[in-house]
2 protein chains.
Amino acid sequence: MPKRPTSADVAVEAGVSRTTVSFVMNERTDVKIPEKTRRRVQQAAARLGYHPHGPARQLAGGRTHIIALVMRQSPEQIAGDAVLAETLRGLASAARAGGFRVLVEPLAPDGLEQTYTALLRAQHADGLVISGPRVDDPSLVDLMRDEFPIVLQGRLPGVAITSVDVDNVAGARGAVDHLISLGHRRIACITNAPVMYTAAQERLEGYRLALQAAGIAQDPDLVAEGLFDAPSGRAAMVGLLARTSFGAVFVGSDVVALGAIGALREAGRRVPDDVSVVGFDDIPLAAYFDPPLTTVRLPAFELGQAAGRTLLDRIADRVVPERTLLPTELIVRASTAPPAAA
Amino acid sequence: MPKRPTSADVAVEAGVSRTTVSFVMNERTDVKIPEKTRRRVQQAAARLGYHPHGPARQLAGGRTHIIALVMRQSPEQIAGDAVLAETLRGLASAARAGGFRVLVEPLAPDGLEQTYTALLRAQHADGLVISGPRVDDPSLVDLMRDEFPIVLQGRLPGVAITSVDVDNVAGARGAVDHLISLGHRRIACITNAPVMYTAAQERLEGYRLALQAAGIAQDPDLVAEGLFDAPSGRAAMVGLLARTSFGAVFVGSDVVALGAIGALREAGRRVPDDVSVVGFDDIPLAAYFDPPLTTVRLPAFELGQAAGRTLLDRIADRVVPERTLLPTELIVRASTAPPAAA
DNA sequence: ACGCGTTACTGACGCGCGTTAGTCGACCAC
DNA sequence: GTGGTCGACTAACGCGCGTCAGTAACGCGT
């Protein structure tokens with residue numbers, strides 16, 4: 001088995017010193033290397049099939065050029081999250097653009113908290129993107145104290161960590177405004193998750209703001225709690241139907257909305273004739289629900305990309321805004337209509 | 001800023017040599033360290049907050065303890081794949097169990113092929129799991145020649161690389177057998193992808209085997225091609241409806257099936273009264289389709305886990321089966337029924 | 001001849017750890 | 001006392017590369 005070539009081999013082959021090889025490989029602009037030498041080195045490297053050894057340059061350079069994505073979601077949440085893969089792709093794309101790679105670290109909330117600070121302390125990664133944080137996450141405070149480069153995907157109230165998120169409040173508000181503009185007054189809300197999760201809180205907040213702005217009184221009976229998946233949406237809707245009446249419902253997640261629609265169907269209510277439904281996320285399947293779902297588009301790829309870019313900026317010690325909010329877009333399909341003439 | 005402690009610091013603190021610290025940290029069993037010393041070192045490490053420096057031990061040890069997941073899918077495919085996140089979680093779980101971490105490398109088929117062999121050559125990863133391979137992937141041959149530890153998630157015909165996959169043939173066969181046992185004879189098939197993808201090929205093969213075993217003649221008109229997403233399923237179904245008639249359809253993917261169901265609805269055909277539909281994958285939403293979809297469950301988490309375990313075995317130079325096939329399970333819901341009395 | 005700068009490099013150290021070959025002392029048999 | 005063995009360590013090398021502090025060669029002006 002032929003040993004892998006090292007930079008020393010390239011140096012010999014090109015007739016220069018190892019230092020020069022290093023300069024050429026790293027394309028350093030602050031040292032002048034004549035074009036001729038540069039070419040000679042590059043050709044020697046190509047001839048030998050030389051690839052710099054990652055760990056070695058990490059050791060010498062102090063940088064791993066790796067960012068880690070820590071997923072704090074529960075297994076069920078990961079399985080059900082239809083946009084997670086897309087976010088990951090966005091993150092990887094931003095990382096690659098900056099010469100970084102992405103390590104993933106699924107870490108259920110009940111898990112060993114410690115492994116996650118270890119990622120940074122062991123210098124396995126230069127920075128962290130933490131997705132799906134909850135307000136009661138303890139290890140976070142511990143980590144931010146040390147000023148490690150961290151970006152939260154999803155905000156955490158009362159914690160001064162750089163965060164990137166979609167504008168949940170405005171998105172939800174727009175969705176409910178849409179229902180109101182159709183003439184609805186009795187509008188229910190099913191959250192996408194318990195309010196322990198910031199996103200759920202914010203979407204509920206948008207719902208409330210819209211009602212308030214329209215002068216519609218809040219009714220606690222109209223609010224039910226979802227839990228990421230379709231079954232929870234079904235259960236929430238069953239509860240709502242049992243205790244009150246309404247002509248429209250805003251659901252904080254398309255997946256939960258699908259469950260809710262199922263419950264409506266079982267109860268003999270037609271969408272949108274009897275009840276209008278608006279979702280949130282615009283998962284790829286939403287356009288193929290029956291009826292096609294009106295929803296709020298969450299730019300998943302861009303979200304991942306923004307998180308990646310922000311983290312890279314932090315790692316490079318560039319100034320970053322403490323909070324980045326991506327705009328959403330209301331996608332009107334066939335699940336919403338004016339209320340039935342009553 | 002206090003510098004991070006090194007093993008030398010721990011050695012001083014514990015009053016032993018750096019070598020001893022290394023032995024203790026790595027829990028080596030072939031060298032004898034009395035319990036007393038071991039404890040002293042561990043306490044010193046804890047006191048200083050010592051974490052071994054990843055890159056350094058990688059350089060010295062020759063192992064990175066990282067496996068990479070190379071995703072050869074197109075962006076649309078990633079966005080639409082409802083089980084990818086789950087597979088990733090399975091992979092990460094297997095990796096962690098072996099003390100490894102997972103790096104993800106999305107690499108669209110048109111991309112720079114080179115970056116992916118670089119992952120191994122630069123010793124960034126000890127092994128690769130390649131998901132979504134196509135029969136025409138060129139960089140693969142290049143890589144397997146060098147005997148790097150690689151595991152394919154999804155088989156590639158004619159290539160002798162260890163592979164882990166779900167039993168697509170048997171799964172598809174079971175689905176179509178189910179339709180046949182209900183009394184169907186005119187059974188259409190919409191593939192989940194072009195046959196360039198092995199999984200699509202195999203599912204089609206299962207469909208054919210079932211027909212053949214039941215003595216039903218093949219009709220090329222009954223086969224249409226899907227392309228990962230719902231719109232392609234819709235288009236395929238529109239084409240089928242235009243050129244032939246049938247009482248049931250087997251679709252190689254739940255997502256594609258949803259599009260097909262949409263087309264059936266638009267054409268005024270009822271599921272399952274007029275046309276029975278069977279999907280493949282059992283995505284979390286399948287139970288909430290209208291009607292709830294009969295489908296073939298693909299054990300996504302287990303698939304990722306099996307891929308991870310197999311790769312770790314290969315890395316450790318243990319013998320591994322060249323091919324691992326995970327069983328599927330037919331989930332009968334409400335989208336299939338006996339044919340309408342004709 | 002000398003001083004001063006510039007260009008084009010290079011020598012050698014250090015990053016933090018794994019590991020091999022070895023040392024040192026204690027204990028035992030004879 | 002000697003030889004031998006065993007347990008408990010340690011000194012020192014090497015992993016492959018980044019980078020600082022040089023240095024040799026050359027040009028140019030005086």
# chains A, B, ... in the order shown; residues from 1 in each chain; ligands from 1

$ select_by_dssp --residues "segment 24-137 of chain B" --states "strand (DSSP E or B)" --output "PyMOL selection string"
chain B and resi 66-71+101-106+127-131+134

$ residues_around --residues "Arg270 of chain B" --least-positions-apart "3" --cutoff "12 Å" --atoms "only C-alpha atoms (C1' of nucleotides)" --output "list in words"
Gly247, Ala248, Ala260, Ile261, Gly262, Ala263, Leu264, Arg265, Glu266, Ala267, Asp273, Asp274, Val275, Ser276, Val277, Asp290, Pro291, Ala334, Ser335, Thr336, Ala337, Pro339 and Ala340 of chain B

$ closest_atom_pairs --of "chain D" --to "chain A" --cutoff "9 Å" --atoms "only C-alpha atoms (C1' of nucleotides)" --output "tab-separated table"
residue	atom	partner	partner_atom	distance
D:DC15	C1'	A:Ala56	CA	7.8
D:DG16	C1'	A:Ala56	CA	5.0
D:DC17	C1'	A:Arg57	CA	5.1
D:DG18	C1'	A:Ala60	CA	5.5
D:DT19	C1'	A:Thr19	CA	8.5

$ interface_residues --of "chain C" --to "chain A" --cutoff "9 Å" --atoms "only C-alpha atoms (C1' of nucleotides)" --output "ChimeraX atom specification"
/C:7-10,14-16

$ write_last_selection --atoms "C-alpha atoms (C1' of nucleotides)" --output "PDB file, in the first residue's frame"
ATOM      1  C1'  DT C   7      12.173  39.511  -3.839  1.00  0.00           C
ATOM      2  C1'  DA C   8      11.998  34.778  -3.192  1.00  0.00           C
ATOM      3  C1'  DC C   9      12.378  31.827  -0.709  1.00  0.00           C
ATOM      4  C1'  DT C  10      13.768  28.346   3.708  1.00  0.00           C
ATOM      5  C1'  DG C  14       5.258  24.139  17.808  1.00  0.00           C
ATOM      6  C1'  DC C  15       0.341  22.433  17.699  1.00  0.00           C
ATOM      7  C1'  DG C  16      -1.515  18.173  21.403  1.00  0.00           C
TER       8       DG C  16
END

$ residues_around --residues "DG29 of chain D" --least-positions-apart "3" --cutoff "12 Å" --atoms "only C-alpha atoms (C1' of nucleotides)" --output "ChimeraX atom specification"
/C:2-5

$ closest_atom_pairs --of "chain B" --to "chain A" --cutoff "7 Å" --atoms "only C-alpha atoms" --output "tab-separated table"
residue	atom	partner	partner_atom	distance
B:His51	CA	A:Ala122	CA	5.5
B:Pro52	CA	A:Ala122	CA	5.8
B:His53	CA	A:Ala122	CA	4.8
B:Gly54	CA	A:Ala122	CA	5.3
B:Pro55	CA	A:Pro55	CA	4.9
B:Ala56	CA	A:Leu59	CA	5.6
B:Gln58	CA	A:Pro55	CA	5.9
B:Leu59	CA	A:Pro55	CA	5.4
B:Ile78	CA	A:Ala85	CA	6.4
B:Ala79	CA	A:Glu86	CA	5.2
B:Gly80	CA	A:Pro284	CA	6.3
B:Ala82	CA	A:Ala82	CA	6.1
B:Val83	CA	A:Ala79	CA	6.9
B:Leu84	CA	A:Ala85	CA	6.9
B:Ala85	CA	A:Ala85	CA	6.0
B:Glu86	CA	A:Ala79	CA	5.2
B:Arg89	CA	A:Pro106	CA	6.8
B:Val102	CA	A:Leu103	CA	5.6
B:Leu103	CA	A:Leu103	CA	4.2
B:Val104	CA	A:Val102	CA	5.8
B:Pro106	CA	A:Arg89	CA	6.8
B:Arg121	CA	A:His51	CA	6.3
B:Ala122	CA	A:His53	CA	4.8
B:Gln123	CA	A:Gly54	CA	5.9
B:His124	CA	A:Gly54	CA	5.6
B:Ala230	CA	A:Leu285	CA	6.9
B:Leu258	CA	A:Tyr288	CA	6.7
B:Gly259	CA	A:Tyr288	CA	6.3
B:Gly262	CA	A:Tyr288	CA	6.6
B:Pro284	CA	A:Gly80	CA	6.3
B:Leu285	CA	A:Ala230	CA	6.9
B:Tyr288	CA	A:Gly259	CA	6.3

$ write_last_selection --atoms "N, CA and C atoms" --output "CSV table (one decimal), in the first residue's frame"
chain,number,residue,atom,x,y,z
B,51,HIS,N,-10.4,18.6,28.2
B,51,HIS,CA,-11.0,17.8,27.1
B,51,HIS,C,-9.9,17.5,26.1
B,52,PRO,N,-9.7,16.3,25.7
B,52,PRO,CA,-8.7,16.0,24.7
B,52,PRO,C,-9.0,16.7,23.5
B,53,HIS,N,-8.0,17.2,22.8
B,53,HIS,CA,-8.1,18.0,21.6
B,53,HIS,C,-8.3,17.1,20.4
B,54,GLY,N,-9.5,17.1,19.8
B,54,GLY,CA,-9.9,16.2,18.8
B,54,GLY,C,-8.8,16.1,17.6
B,55,PRO,N,-8.6,17.2,17.0
B,55,PRO,CA,-7.6,17.1,15.8
B,55,PRO,C,-6.3,16.5,16.2
B,56,ALA,N,-5.8,16.8,17.4
B,56,ALA,CA,-4.5,16.3,17.8
B,56,ALA,C,-4.6,14.8,17.9
B,58,GLN,N,-6.6,12.9,16.4
B,58,GLN,CA,-6.8,12.4,15.1
B,58,GLN,C,-5.4,12.3,14.3
B,59,LEU,N,-4.6,13.3,14.5
B,59,LEU,CA,-3.4,13.3,13.8
B,59,LEU,C,-2.5,12.2,14.4
B,78,ILE,N,-34.2,15.9,-2.0
B,78,ILE,CA,-34.0,16.1,-0.6
B,78,ILE,C,-35.2,16.8,0.0
B,79,ALA,N,-35.6,17.8,-0.6
B,79,ALA,CA,-36.8,18.6,-0.1
B,79,ALA,C,-38.0,17.7,0.1
B,80,GLY,N,-38.2,16.8,-0.9
B,80,GLY,CA,-39.4,15.9,-0.9
B,80,GLY,C,-39.3,14.7,-0.1
B,82,ALA,N,-39.4,12.5,2.7
B,82,ALA,CA,-40.0,12.6,4.0
B,82,ALA,C,-39.3,11.7,5.1
B,83,VAL,N,-38.4,10.8,4.7
B,83,VAL,CA,-37.9,9.9,5.6
B,83,VAL,C,-36.4,10.1,5.8
B,84,LEU,N,-35.8,11.1,5.1
B,84,LEU,CA,-34.4,11.3,5.1
B,84,LEU,C,-33.9,11.7,6.5
B,85,ALA,N,-34.6,12.6,7.1
B,85,ALA,CA,-34.2,13.0,8.5
B,85,ALA,C,-34.2,11.9,9.4
B,86,GLU,N,-35.1,11.0,9.3
B,86,GLU,CA,-35.2,9.8,10.1
B,86,GLU,C,-34.0,8.9,9.9
B,89,ARG,N,-31.0,10.3,11.5
B,89,ARG,CA,-31.0,10.1,12.9
B,89,ARG,C,-30.6,8.7,13.3
B,102,VAL,N,-21.1,12.2,12.8
B,102,VAL,CA,-21.5,12.2,11.4
B,102,VAL,C,-21.4,13.5,10.7
B,103,LEU,N,-20.7,13.5,9.6
B,103,LEU,CA,-20.6,14.7,8.8
B,103,LEU,C,-21.5,14.5,7.6
B,104,VAL,N,-22.2,15.6,7.2
B,104,VAL,CA,-23.0,15.4,6.0
B,104,VAL,C,-22.5,16.2,4.9
B,106,PRO,N,-23.9,17.1,1.2
B,106,PRO,CA,-24.9,17.0,0.1
B,106,PRO,C,-24.1,17.3,-1.2
B,121,ARG,N,-9.7,11.2,1.2
B,121,ARG,CA,-8.3,11.4,1.0
B,121,ARG,C,-7.7,12.4,2.0
B,122,ALA,N,-8.5,13.4,2.3
B,122,ALA,CA,-8.0,14.4,3.3
B,122,ALA,C,-8.1,13.9,4.7
B,123,GLN,N,-8.6,12.6,4.8
B,123,GLN,CA,-8.7,12.0,6.1
B,123,GLN,C,-9.7,12.8,7.0
B,124,HIS,N,-10.7,13.4,6.4
B,124,HIS,CA,-11.7,14.0,7.2
B,124,HIS,C,-12.6,13.0,7.8
B,230,ALA,N,-44.9,15.0,-5.6
B,230,ALA,CA,-46.3,14.8,-5.9
B,230,ALA,C,-46.7,15.3,-7.3
B,258,LEU,N,-49.6,10.6,-3.4
B,258,LEU,CA,-50.5,11.7,-3.0
B,258,LEU,C,-50.9,12.5,-4.3
B,259,GLY,N,-49.9,12.7,-5.1
B,259,GLY,CA,-50.1,13.4,-6.4
B,259,GLY,C,-51.1,12.6,-7.3
B,262,GLY,N,-54.5,12.9,-6.1
B,262,GLY,CA,-55.1,14.2,-6.5
B,262,GLY,C,-55.6,14.1,-7.9
B,284,PRO,N,-44.9,9.7,7.7
B,284,PRO,CA,-45.8,9.9,8.9
B,284,PRO,C,-47.1,10.4,8.5
B,285,LEU,N,-47.2,11.1,7.4
B,285,LEU,CA,-48.5,11.7,7.0
B,285,LEU,C,-49.4,10.7,6.3
B,288,TYR,N,-52.8,10.0,7.4
B,288,TYR,CA,-53.8,11.1,7.4
B,288,TYR,C,-54.2,11.6,6.0
